[in-house]
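**Q** I have a structure here, written as structure tokens, and I will follow up with some questions on it.
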Amino acid sequence: MIEISDLSCVFPGRAGPVAALEGIGLRVREHEFVAVIGRSGCGKSTLLRLIAGLIPATGGEVKVAGEPVTGPRPDVSLMFQRPALLPWRTVLGNVLLPVEFLGRSKAAHLGRARELLRVAGLEGFERRLPHELSGGMQQRVALCRSLICEPKVMLMDEPFSALDALTREELSAELQRIRAESAATVVLVTHSIEEAVLLADRVVLLSPRPGRVREIVEIDVPRPRSLGRDAHAERLAGYGAKLRSLLAEPLGDRAGDRVGDQAGERPGERAGERAGARSDERAGGQVPGSSGEPTGRNAR
Amino acid sequence: MRVWVLPMIGAALAVAAWWLATVAFGIAPYVLPAPPDVLAVFGLHGGYLLDQTWVTLVETLQGYALAVVAGVLIAVLIATFRIVEESVYPLLIAVNAVPKVAVAPILVVWMGFGQLPKVVMVFLVCFFPIVISTATGLRSTPAEFVELSRSLRASWWRTFLQVRFPHALPQIFVGLKVAISLAVIGAVIGEFVGAQAGLGYVIVQSGASADTALAFAAMVLLGAMSIALFYVLVAIERLLLPWARETTA
């Protein structure tokens with residue numbers, strides 16, 4: 001459904017161009033759920049916006065449903081960290097926003113909108129304004145909104161990160177449920193390892209500055225999954241631990257031999273960024289524990 | 001209830017203090033008239049004062065309406081085109097820094113003794129806060145709203161009408177409220193120079209005949225007009241933007 005080949009994105013920065021992504025290659029199958037995970041500033045959100053056609057790539061190509069992405073597509077929906085509901089529109093009005101903006105028939109989608117809201121547990125809230133709802137409920141409305149036009153691809157940018165832990169789990173469970181019924185392919189950007197393991201078929205690890213695909217881990221656990229009492233809890237935890245060690249890797253790797261690079265890793269200290277990125281790349285080739293497992297595969 | 005009672009009590013206390021001062025210090029009415037003197041003026045010249053109030057009100061509303069239309073338009077251009085912002089902003093600030101009192105006689109030279117220079121004066125006074133607040137509001141659209149709109153392939157026009165502008169409305173109303181209280185002042189400044197009618201003209205005339213009570217009566221009417229106009233705006237804001245008060249602390 002999504003084909004990304006040798007994708008790179010360079011932003012003009014104040015101190016010269018900054019490479020946000022470099023040589024990204026990834027194929028996402030139809031109906032697959034892919035989580036993209038990495039430290040902040042590794043270009044996760046940039047990758048999502050490139051797939052969405054919101055920003056142009058400086059190199060390489062993104063194809064959605066076989067067509068090169070040149071701009072936003074009506075069959076690709078977006079969800080953000082914040083609900084981004086228009087505060088002057090009712091819940092129903094917000095869910096119907098894509099219908100209206102894409103110039104489709106409102107009457108034809110009204111029933112679906114009500115049904116989505118019912119499934120999301122928001123029945124009876126159709127006429128309320130967003131500020132009358134809790135943060136979790138607002139994000140549910142945003143989820144309904146991104147589903148209303150039956151998208152082929154759903155792009156989610158840390159959609160649960162602004163919520164409290166309980167609501168987050170609740171929404172993750174809900175997303176799994178809705179996923180099972182929807183035909184959409186999902187790319188979820190997150191910095192939560194639990195969330196990635198819980199929801200994704202495959203987890204893509206990005207290394208920072210410039211963002212590169214560091215590792216792709218297949219989560220081979222049957223659904224529905226949950227973080228609590230679950231037959232597969234141990235396997236899920238195992239994947240979580242593996243991802244955690246992979247994510248922690250670059251820092252630990254450098255702590256021993258290159259103190260200068262470690263300092264450059266800290267956000268805000270721009271001078272050491274390039275040096276840090278280079279050693280990341282080097283570290284990517286010698287990840288301990290990844291070679292023997294059937295899941296560790298590099299995309300390129 | 002509380003909304004009405006407390007301001008009334010405040011006003012009553014102020015009037016009482018004023019009255020007490022005139023009696024206690026034996027102040028002559030031509031220096032500071034007591035409340036009954038001012039009331040008497042309303043009895044004597046009620047119809048005349050009402051006519052003058054109407055004149056000032058019309059000037060105020062005309063100038064204000066012009067400022068709203070022109071201010072919002074300029075602000076849209078400023079918020080949309082960097083070139084307009086960079087070339088127009090400094091000029092706007094400079095024009096706003098010119099004391100409007102200094103401009104009043106020039107306006108009379110250009111436009112004569114009729115209503116027009118007063119309307120223009122109101123316009124000049126109101127224009128700036130409306131432009132600033134509208135431009136600020138239009139530029140404060142959250143990034144997600146813009147991305148959402150773009151991802152739904154909305155045109156510039158649709159994004160503006162359905163996202164940017166409604167989102168800017170609470171900010172715009174801040175400017176509108178500042179402007180409406182300045183508007184009445186602008187009309188009076190205009191009427192101080194070369195006018196034949198209006199409450200400002202009444203105040204100037206009363207100075208010539210040392211009829212301080214008349215000047216006070218005119219000021220009371222100006223104050224009432226300001227308050228009324230301000231609260232009309234507040235009411236419109238509440239009606240139009242019920243969400244705005246709830247989403248901010």
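In the structure tokens, chains take the letters A, B, ... in the order shown, each chain's residues start at 1, and ligands count up from 1 in the order shown.
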Please, which residues in chain B fall within 12 Å of chain A when counting only C-alpha atoms, and what is the closest atom pair and distance in Å to one decimal for each, ordered by chain then residue number, as a Markdown table?
**A**
```
| residue | atom | partner | partner_atom | distance |
| --- | --- | --- | --- | --- |
| B:Thr141 | CA | A:Ala84 | CA | 10.8 |
| B:Pro142 | CA | A:Ala84 | CA | 8.3 |
| B:Ala143 | CA | A:Ala84 | CA | 9.1 |
| B:Glu144 | CA | A:Ala84 | CA | 6.0 |
| B:Phe145 | CA | A:Ala84 | CA | 6.1 |
| B:Val146 | CA | A:Ala84 | CA | 9.7 |
| B:Glu147 | CA | A:Leu54 | CA | 7.3 |
| B:Leu148 | CA | A:Leu78 | CA | 7.0 |
| B:Ser149 | CA | A:Phe101 | CA | 7.9 |
| B:Arg150 | CA | A:Pro72 | CA | 6.9 |
| B:Ser151 | CA | A:Pro72 | CA | 5.0 |
| B:Leu152 | CA | A:Leu102 | CA | 6.1 |
| B:Arg153 | CA | A:Pro72 | CA | 6.3 |
| B:Ala154 | CA | A:Phe101 | CA | 6.0 |
| B:Ser155 | CA | A:Phe101 | CA | 9.0 |
| B:Trp156 | CA | A:Phe101 | CA | 11.8 |
| B:Trp157 | CA | A:Phe101 | CA | 11.6 |
| B:Arg158 | CA | A:Phe101 | CA | 8.1 |
| B:Thr159 | CA | A:Phe101 | CA | 9.3 |
| B:Leu161 | CA | A:Phe101 | CA | 11.8 |
| B:Gln162 | CA | A:Leu86 | CA | 9.2 |
| B:Val163 | CA | A:Leu86 | CA | 7.5 |
| B:Arg164 | CA | A:Leu86 | CA | 10.3 |
| B:Phe165 | CA | A:Trp88 | CA | 11.5 |
| B:Pro166 | CA | A:Trp88 | CA | 7.8 |
| B:His167 | CA | A:Leu86 | CA | 8.1 |
| B:Ala168 | CA | A:Trp88 | CA | 11.5 |
| B:Leu169 | CA | A:Trp88 | CA | 10.6 |
| B:Pro170 | CA | A:Trp88 | CA | 11.3 |
| B:Leu239 | CA | A:Trp88 | CA | 12.0 |
| B:Leu240 | CA | A:Trp88 | CA | 9.5 |
| B:Leu241 | CA | A:Trp88 | CA | 7.4 |
| B:Pro242 | CA | A:Trp88 | CA | 8.0 |
| B:Trp243 | CA | A:Trp88 | CA | 6.0 |
| B:Ala244 | CA | A:Pro87 | CA | 8.0 |
| B:Arg245 | CA | A:His131 | CA | 10.0 |
| B:Glu246 | CA | A:His131 | CA | 6.7 |
| B:Thr247 | CA | A:His131 | CA | 6.1 |
| B:Thr248 | CA | A:His131 | CA | 9.7 |
| B:Ala249 | CA | A:His131 | CA | 11.9 |
```
**Q** Could you give me, as a ChimeraX atom specification, the residues within 10 Å of stretch 195-201 of chain A, counting only C-alpha atoms and dropping anything in the same chain fewer than 4 positions from it?
**A** /A:31-37,158,160-161,168-169,172-173,175-176,179,186-191,217-227,233,235-240,243
**Q** Hey, which of A:Lys242, A:Arg214, A:Lys44, A:Arg112 ends up closest to A:Glu194? Count only C-alpha atoms.
**A** A:Lys242
**Q** Determine the nearest neighbour of A:Ala108 from the options A:Leu133, A:Gly38, A:Ile148, A:Val153, counting only C-alpha atoms.
**A** A:Ile148
**Q** Need the shell around stretch 182-187 of chain B: protein/DNA/RNA residues with any atom at most 6 Å away, counting only C-alpha atoms. Skip same-chain ones fewer than 3 positions apart. Format as an MDAnalysis selection string?
**A** chainID B and resid 60 118 121:122 125:126 179 190
**Q** For the atom pair atom CA of B:Val15 and atom CA of B:Ile189, what is the interatomic distance in Å to one decimal place?
**A**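 The value is 25.9 Å.
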**Q** Just the helix (DSSP H, G or I) stuff from stretch 105-154 of chain B, please, per backbone DSSP, written as a VMD selection string.
**A** chain B and resid 105 to 111 116 to 139 143 to 151
**Q** As an exercise, work out the distance from atom CA of B:Phe25 to atom CA of B:Leu6 in Å and give it to one decimal place.
**A**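 Computed distance, atom CA of B:Phe25 to atom CA of B:Leu6, equals 28.6 Å.
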**Q** Write out as a PyMOL selection string the residues lying within 7 Å of A:Ile24, counting only C-alpha atoms and excluding same-chain residues fewer than 4 positions away.
**A** chain A and resi 4-8+212-213
**Q** Would you save the residues from that selection as a CSV table (one decimal), in the first residue's frame, using N, CA and C atoms?
**A**
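Output contents, as saved in out.csv:
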```
chain,number,residue,atom,x,y,z
A,4,ILE,N,8.1,3.2,0.1
A,4,ILE,CA,9.0,4.3,0.2
A,4,ILE,C,10.4,3.8,-0.2
A,5,SER,N,11.0,4.6,-1.2
A,5,SER,CA,12.3,4.1,-1.6
A,5,SER,C,13.3,5.3,-1.6
A,6,ASP,N,14.4,5.0,-0.9
A,6,ASP,CA,15.5,5.9,-0.8
A,6,ASP,C,15.1,7.4,-0.5
A,7,LEU,N,14.2,7.5,0.4
A,7,LEU,CA,13.6,8.8,0.7
A,7,LEU,C,14.5,9.6,1.6
A,8,SER,N,14.7,10.9,1.2
A,8,SER,CA,15.4,11.8,2.1
A,8,SER,C,14.7,13.1,2.1
A,212,ARG,N,17.3,7.4,9.9
A,212,ARG,CA,17.5,6.3,9.0
A,212,ARG,C,16.8,5.1,9.6
A,213,VAL,N,16.4,4.1,8.7
A,213,VAL,CA,15.8,2.9,9.2
A,213,VAL,C,16.9,2.1,9.9
```
**Q** Hey, which of A:Ile2, A:Leu246, A:Leu163, A:Leu143 ends up closest to A:Val203? Count only C-alpha atoms.
**A** A:Leu246
**Q** Could you check which of B:Leu91, B:Ala208, B:Ala75, B:Leu57 is closest to B:Val188, using only C-alpha atoms?
**A**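 Selected residue with least distance to B:Val188: B:Leu57.
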**Q** Give me, please, the distance in Å between atom CA of A:Gly111 and atom CA of A:Ala180, quoted to one decimal.
**A**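 Distance between the two atoms: 20.4 Å.
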